[in-house]
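Student: Structure provided below as structure tokens; questions to follow.
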Amino acid sequence: MKSSSRESRLHEYYELICEELFSSISPCSGLVGDGKVAFIRDSIYSAAAIWTLSIAYKSVSTDNGIQFELEQKVIKIMRGVLTSFMYQAERIEDYKRDPCPSHAIRAYFDWTTGQECAIPADVRSYNSQHHLQLHAVALFLNYLAQMIKAKLKIVLTTSEISLVQNLVYYIERSYRTPDFGIWGRGSRHNNGSSELSASTVGAVKSALFAIDGMNLLGPDCASWSSIYVDRDAFSRNRRTLEEILPKESKSKSTDSALISTLSYPFFSIANSSTIYQESMQKVRVELERSNGYIRYSKDGLGTCVEDETKGHYEPHELRNFDKIECQWPVFDAQMLIASHFTGNRADLDYFRPRFRRHLGSTIFNKDSVFFPTFYYVEEGSINDARDCKSGVKMTAKLLKNHQWVQSMAVIAVLLDDGFIRPCDIDPLRTFDRVLDEFSHQADNEIRVSLISENSKLRTMLSTFAVESETPQQLEPIVVWPTQELQKAFALIGEDRAMGLSGRPKRPIGVLGSSCVYRIMGRTIVTYPLVFDVSDFYISSDTDTLIENVWYSLDFLRHHHKGKDPIFLFVLREELFKERCLGAILEVLACFRRGNWRGIRIRLGRLNSFVVNSPHRPLSLDHSLQDKNSLILGSE
């Protein structure tokens, strides 16, 4: 494409963005909505579309300041969402203590002020006001990380950093929290019941992956502005996702929401994996229609027979929607974007015409719809559709409060026309990182260090040729139980002015205890919860303890990412009583041989392991009043 033609085409897209999206942005709050109510998910996707166009303008020599203008629009919207979440700080704090819908973040806000607003009872699209919004928060965190990586200055203050950290706490337990999904309707029956859904868990998994370690103020700032993610929570979300797929949930065989979860913008599963192929194929086989994709089987939204005055369905009503579900062409746009990332030529050739035929006959004709929200079966054609007759008439419909549909279409057009590359809208290289993670399946060698509780036990063990260390010998390395690490984590994200308390009191899993931490200038290592006599009674039973140690090591072997993990094996005198001695010595002998029940073990001194391990810095400078009490109180 010639330079002048390219610039001309980009300016046309700019005019389109002005027409379709800019008019929906509040000049005060920066949120996107209908002039009364602002929508969080639509705001985020609109910011993504404008950001994509700003990237395209970087290749233009004379943009007349448009590229800068577009970036500032993106920042305005994202900061508007962030500010709206800050108004919800009390809800976030309540939700951390009790995750119920009444405490959850709202998805809709006043368009002008950005504060929580009363929802008009007659507007049916607002019916998910009291849902958990796990997917919406994950979407925000995912795009926030991507945009900050692209050097957009969105987060500016310590209070905003604390808010983002608490949003991480808000979603990290999604693997065990039934919610109402991306569509806000819960189970397929739309009867007010919630359930675990793969699209939500996958979005959360990817958001945690993206935001982990991200310095919100930029790479040159101190570690206190970085975000901490619990690696055990991330692992649980990942494993839960893999267990649910290829289904969407207990009640839904599949759902078109999985397209964005498995591909852009979340990339929760490597596209070369079997589970990805099965899940995407299931979506295509069961949900693909002539004018796009239905959201899920027997979805009544937008159909002529749905009673819009009712929030939920009666059990017998579901059959009324069979074979007349609305068809959404936006999922063809998402499939086209996914095809550009995978580079699958056959998919590109298939989805390109499916997507482009939904565009207006003349895209920039102000009298035409740029991209329809969905197609619905007209009332007179319902019987023909149910009888599977050909030529059923379907009518395009545009909903003004679905700007996310227009936004995805804009991204698809810019990508398909070659104005941007797939990597341009994935600065974190999440697509490649997930693929690389899948290609290198973990089979870690576990680095085990033996820690004796006192010198007397250490001397006794040396008679059995077992070399161990006492905590005093390890100085300046400090050994903590996981409860002390919990106290440190409770300070991360704390902001008294906003009423935020930091990380809730949740146990530290084996992945968290296998890391080396740097806290206030001290090197901290922790031993697993299984060895904690004050909180974990199982450690008093030797046979059970040995089995739990093996399960912990086997889990680390398969699920730890990065350099080989460190495992502290704490030796206490009660383990070496006459009735227990043989079993413990047998385990230690296997450690020396380097293999225990198929797990590769490298026995060694803790200092040598720590020196060769990456450190996770936890800066508490902006949250801890008495900085020395945390370290000194645990030694």
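By convention in this document, the chains of the structure tokens carry letters A, B, ... by their order, each chain's residues are numbered from 1, and ligands are numbered from 1 in the order they are shown.
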Pick out the residues sitting within 9 Å of stretch 321-326 of chain A, and hand them over as a list in words; count only C-alpha atoms, and ignore anything fewer than 4 positions along from it in its own chain.
Tutor: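 My reading of the contact set: Tyr293, Ile294, Arg295, Tyr296, Ser297, Lys298, Asp299, Gly300, Leu301, Gly302, Thr303, Val305, Glu306, Glu317, Phe374, Tyr375, Tyr376, Val377, Ile382, Ala385, Arg386, Asp387, Cys388 and Met394 of chain A.
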Student: Can you pull out every residue within 12 Å of A:Val611, counting only C-alpha atoms, but drop anything in the same chain fewer than 6 positions away, and send it as a PyMOL selection string?
Tutor: chain A and resi 477+516-517+523+566+605
Student: List every residue of stretch 167-290 of chain A that DSSP, applied to the backbone of this structure, places in strand (DSSP E or B), and write the result as a ChimeraX atom specification.
Tutor: /A:179,195,197,215,226,249,288-289
Student: Rounded to one decimal, what separation in Å do you get between atom CA of A:Ile148 and atom CA of A:Ile425?
Tutor: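 Computed distance, atom CA of A:Ile148 to atom CA of A:Ile425, equals 12.0 Å.
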Student: Under the rule that only C-alpha atoms are counted, which of A:Pro101, A:Gly512, A:Gly218, A:Gly499 is the nearest residue to A:Ser194?
Tutor: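 Counting only C-alpha atoms, the residue closest to A:Ser194 is A:Pro101.
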Student: Do a neighbour search on A:His312 at 12 Å with only C-alpha atoms, toss out local chain neighbours closer than 6 positions, and write the hits as a ChimeraX atom specification.
Tutor: /A:124,127-128,184-193,299-301,306,318
Student: What is the distance between atom CA of A:Ser59 and atom CA of A:Gln403, in Å to one decimal?
Tutor: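 Taking atom CA of A:Ser59 and atom CA of A:Gln403, their separation equals 26.4 Å.
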Student: If you count only C-alpha atoms, which residues fall within 6 Å of stretch 161-172 of chain A, apart from same-chain ones fewer than 6 positions away, as an MDAnalysis selection string?
Tutor: chainID A and resid 134 227 233 493
Student: Using all heavy atoms, can you export the residues from the last selection as a PDB file, in the first residue's frame?
Tutor:
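As a result, part32.pdb now contains:
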```
ATOM      1  N   LEU A 134     -15.970 -10.565  37.930  1.00  0.00           N
ATOM      2  CA  LEU A 134     -14.612 -11.106  37.911  1.00  0.00           C
ATOM      3  C   LEU A 134     -13.994 -10.974  36.526  1.00  0.00           C
ATOM      4  O   LEU A 134     -12.810 -10.645  36.384  1.00  0.00           O
ATOM      5  CB  LEU A 134     -14.628 -12.574  38.354  1.00  0.00           C
ATOM      6  CG  LEU A 134     -15.135 -12.838  39.781  1.00  0.00           C
ATOM      7  CD1 LEU A 134     -15.210 -14.334  40.043  1.00  0.00           C
ATOM      8  CD2 LEU A 134     -14.245 -12.162  40.804  1.00  0.00           C
ATOM      9  N   ILE A 227       3.499  -5.110  41.148  1.00  0.00           N
ATOM     10  CA  ILE A 227       2.337  -5.874  41.599  1.00  0.00           C
ATOM     11  C   ILE A 227       2.753  -7.298  41.946  1.00  0.00           C
ATOM     12  O   ILE A 227       3.497  -7.948  41.200  1.00  0.00           O
ATOM     13  CB  ILE A 227       1.242  -5.878  40.526  1.00  0.00           C
ATOM     14  CG1 ILE A 227       0.721  -4.462  40.300  1.00  0.00           C
ATOM     15  CG2 ILE A 227       0.093  -6.807  40.924  1.00  0.00           C
ATOM     16  CD1 ILE A 227       0.104  -3.813  41.523  1.00  0.00           C
ATOM     17  N   ALA A 233      -2.200 -19.232  43.784  1.00  0.00           N
ATOM     18  CA  ALA A 233      -3.515 -18.860  43.256  1.00  0.00           C
ATOM     19  C   ALA A 233      -3.515 -18.921  41.732  1.00  0.00           C
ATOM     20  O   ALA A 233      -4.476 -19.404  41.116  1.00  0.00           O
ATOM     21  CB  ALA A 233      -3.895 -17.458  43.729  1.00  0.00           C
ATOM     22  N   GLY A 493      -0.274  -3.611  49.366  1.00  0.00           N
ATOM     23  CA  GLY A 493      -1.563  -3.090  48.919  1.00  0.00           C
ATOM     24  C   GLY A 493      -2.342  -2.372  49.999  1.00  0.00           C
ATOM     25  O   GLY A 493      -3.430  -1.857  49.743  1.00  0.00           O
TER      26      GLY A 493
END
```
Student: Among stretch 510-626 of chain A, which ones does DSSP place in alpha helix (DSSP H), written as a VMD selection string?
Tutor: chain A and resid 542 to 559 578 to 593 606 to 611
Student: Produce a file of the selected residues containing N, CA, C and O atoms, as a compact mmCIF listing (two decimals), in the first residue's frame.
Tutor:
```txt
# COMPACT_ATOMS: atom_id res chain seq x y z
N THR A 542 4.39 -39.08 61.57
CA THR A 542 5.51 -39.22 60.64
C THR A 542 5.10 -39.78 59.30
O THR A 542 5.49 -39.25 58.25
N ASP A 543 4.31 -40.86 59.29
CA ASP A 543 3.93 -41.47 58.02
C ASP A 543 3.11 -40.50 57.17
O ASP A 543 3.32 -40.38 55.95
N THR A 544 2.18 -39.80 57.80
CA THR A 544 1.38 -38.83 57.06
C THR A 544 2.24 -37.67 56.57
O THR A 544 2.06 -37.16 55.46
N LEU A 545 3.17 -37.24 57.43
CA LEU A 545 4.08 -36.16 57.04
C LEU A 545 4.89 -36.54 55.81
O LEU A 545 5.02 -35.75 54.86
N ILE A 546 5.41 -37.75 55.78
CA ILE A 546 6.21 -38.20 54.65
C ILE A 546 5.38 -38.20 53.37
O ILE A 546 5.84 -37.76 52.31
N GLU A 547 4.14 -38.67 53.45
CA GLU A 547 3.27 -38.68 52.27
C GLU A 547 2.98 -37.26 51.79
O GLU A 547 2.99 -36.98 50.59
N ASN A 548 2.75 -36.35 52.73
CA ASN A 548 2.47 -34.97 52.34
C ASN A 548 3.70 -34.28 51.76
O ASN A 548 3.58 -33.45 50.87
N VAL A 549 4.87 -34.64 52.27
CA VAL A 549 6.11 -34.10 51.69
C VAL A 549 6.25 -34.59 50.25
O VAL A 549 6.60 -33.81 49.35
N TRP A 550 5.95 -35.85 50.00
CA TRP A 550 6.07 -36.37 48.64
C TRP A 550 5.08 -35.67 47.70
O TRP A 550 5.44 -35.28 46.59
N TYR A 551 3.83 -35.48 48.17
CA TYR A 551 2.85 -34.77 47.33
C TYR A 551 3.31 -33.35 47.03
O TYR A 551 3.14 -32.85 45.91
N SER A 552 3.90 -32.69 48.03
CA SER A 552 4.39 -31.33 47.82
C SER A 552 5.52 -31.30 46.80
O SER A 552 5.55 -30.44 45.91
N LEU A 553 6.45 -32.22 46.92
CA LEU A 553 7.57 -32.28 45.97
C LEU A 553 7.09 -32.63 44.57
O LEU A 553 7.58 -32.06 43.58
N ASP A 554 6.14 -33.55 44.48
CA ASP A 554 5.62 -33.93 43.17
C ASP A 554 4.88 -32.77 42.53
O ASP A 554 4.95 -32.55 41.31
N PHE A 555 4.16 -31.99 43.34
CA PHE A 555 3.47 -30.80 42.82
C PHE A 555 4.49 -29.78 42.30
O PHE A 555 4.32 -29.22 41.21
N LEU A 556 5.54 -29.54 43.08
CA LEU A 556 6.58 -28.61 42.64
C LEU A 556 7.23 -29.09 41.34
O LEU A 556 7.53 -28.30 40.45
N ARG A 557 7.42 -30.37 41.26
CA ARG A 557 8.06 -30.95 40.08
C ARG A 557 7.30 -30.62 38.81
O ARG A 557 7.90 -30.31 37.77
N HIS A 558 5.98 -30.63 38.88
CA HIS A 558 5.17 -30.45 37.67
C HIS A 558 4.64 -29.03 37.46
O HIS A 558 4.32 -28.67 36.32
N HIS A 559 4.56 -28.25 38.52
CA HIS A 559 3.86 -26.97 38.40
C HIS A 559 4.71 -25.75 38.67
O HIS A 559 4.25 -24.62 38.41
N GLU A 578 12.46 -43.52 68.21
CA GLU A 578 12.82 -44.87 67.76
C GLU A 578 11.83 -45.45 66.76
O GLU A 578 12.20 -46.05 65.75
N ARG A 579 10.53 -45.21 66.97
CA ARG A 579 9.52 -45.79 66.08
C ARG A 579 9.47 -45.09 64.71
O ARG A 579 8.93 -45.62 63.76
N CYS A 580 10.01 -43.88 64.63
CA CYS A 580 9.94 -43.11 63.39
C CYS A 580 11.27 -43.06 62.65
O CYS A 580 11.32 -42.67 61.48
N LEU A 581 12.33 -43.44 63.34
CA LEU A 581 13.67 -43.21 62.81
C LEU A 581 13.89 -43.86 61.46
O LEU A 581 14.44 -43.25 60.53
N GLY A 582 13.48 -45.11 61.32
CA GLY A 582 13.74 -45.84 60.08
C GLY A 582 13.12 -45.19 58.86
O GLY A 582 13.77 -45.06 57.81
N ALA A 583 11.87 -44.77 58.99
CA ALA A 583 11.17 -44.18 57.85
C ALA A 583 11.82 -42.86 57.41
O ALA A 583 12.01 -42.62 56.21
N ILE A 584 12.20 -42.03 58.38
CA ILE A 584 12.82 -40.74 58.04
C ILE A 584 14.20 -40.95 57.42
O ILE A 584 14.54 -40.31 56.41
N LEU A 585 14.99 -41.86 57.99
CA LEU A 585 16.33 -42.11 57.44
C LEU A 585 16.26 -42.68 56.03
O LEU A 585 17.11 -42.41 55.19
N GLU A 586 15.23 -43.47 55.76
CA GLU A 586 15.06 -44.02 54.41
C GLU A 586 14.79 -42.91 53.40
O GLU A 586 15.34 -42.90 52.29
N VAL A 587 13.95 -41.95 53.79
CA VAL A 587 13.68 -40.82 52.92
C VAL A 587 14.95 -40.01 52.68
O VAL A 587 15.27 -39.63 51.54
N LEU A 588 15.71 -39.74 53.75
CA LEU A 588 16.94 -38.96 53.62
C LEU A 588 17.98 -39.68 52.78
O LEU A 588 18.74 -39.05 52.03
N ALA A 589 18.00 -41.01 52.86
CA ALA A 589 18.91 -41.77 52.02
C ALA A 589 18.55 -41.63 50.54
O ALA A 589 19.43 -41.51 49.67
N CYS A 590 17.27 -41.62 50.25
CA CYS A 590 16.82 -41.40 48.86
C CYS A 590 17.22 -40.00 48.38
O CYS A 590 17.60 -39.81 47.23
N PHE A 591 17.13 -39.02 49.28
CA PHE A 591 17.55 -37.66 48.93
C PHE A 591 19.02 -37.65 48.52
O PHE A 591 19.41 -37.01 47.54
N ARG A 592 19.85 -38.36 49.29
CA ARG A 592 21.29 -38.38 48.98
C ARG A 592 21.56 -39.05 47.63
O ARG A 592 22.47 -38.65 46.90
N ARG A 593 20.73 -40.06 47.30
CA ARG A 593 20.91 -40.76 46.02
C ARG A 593 20.38 -39.92 44.85
O ARG A 593 20.66 -40.23 43.70
N LEU A 606 21.70 -24.49 51.82
CA LEU A 606 20.74 -23.46 51.43
C LEU A 606 21.43 -22.25 50.82
O LEU A 606 20.93 -21.67 49.85
N ASN A 607 22.58 -21.86 51.35
CA ASN A 607 23.25 -20.66 50.85
C ASN A 607 23.59 -20.78 49.37
O ASN A 607 23.41 -19.84 48.60
N SER A 608 24.05 -21.96 48.96
CA SER A 608 24.40 -22.16 47.54
C SER A 608 23.16 -22.12 46.66
O SER A 608 23.21 -21.66 45.51
N PHE A 609 22.04 -22.60 47.18
CA PHE A 609 20.80 -22.54 46.41
C PHE A 609 20.30 -21.11 46.27
O PHE A 609 19.86 -20.68 45.20
N VAL A 610 20.37 -20.35 47.37
CA VAL A 610 19.86 -18.98 47.37
C VAL A 610 20.65 -18.10 46.41
O VAL A 610 20.08 -17.27 45.68
N VAL A 611 21.95 -18.27 46.40
CA VAL A 611 22.82 -17.45 45.54
C VAL A 611 22.44 -17.62 44.08
O VAL A 611 22.49 -16.67 43.29
```
Student: For A:Ser235, find every residue with an atom within 12 Å (counting only C-alpha atoms), except residues of its own chain fewer than 3 positions away, and show them as a PyMOL selection string.
Tutor: chain A and resi 172-175+201-202+204-206+208-209+229-232+238-242+509-512+555-556+558-561
Student: Have a look at A:Gln88, A:Gln406, A:Gln281, A:Thr83 and name the one nearest to A:Leu16; count only C-alpha atoms.
Tutor: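 Between A:Gln88, A:Gln406, A:Gln281, A:Thr83, the residue approaching A:Leu16 most closely is A:Gln406.
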Student: Between A:Lys487, A:Glu475, A:Phe569, A:Phe355, which has the minimum distance to A:Val448 (counting only C-alpha atoms)?
Tutor: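 Between A:Lys487, A:Glu475, A:Phe569, A:Phe355, the residue approaching A:Val448 most closely is A:Phe569.
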Student: Which of these, A:Asn612, A:Gln72, A:Ile17, A:Lys58, has the shortest distance to A:Gly30 once you count only C-alpha atoms?
Tutor: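 For A:Gly30, the nearest of the candidates is A:Gln72.
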Student: Pick out the closest residue to A:Phe85 from this set: A:Trp480, A:Phe431, A:Phe140, A:Phe68. Count only C-alpha atoms.
Tutor: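 Of all the options, A:Phe140 lies closest to A:Phe85.
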Student: Given the choices A:Thr62, A:Leu53, A:Asp98, A:Arg41, which gets closest to A:Val81 if the distance is worked out from only C-alpha atoms?
Tutor: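 Using only C-alpha atoms, the shortest distance to A:Val81 belongs to A:Arg41.
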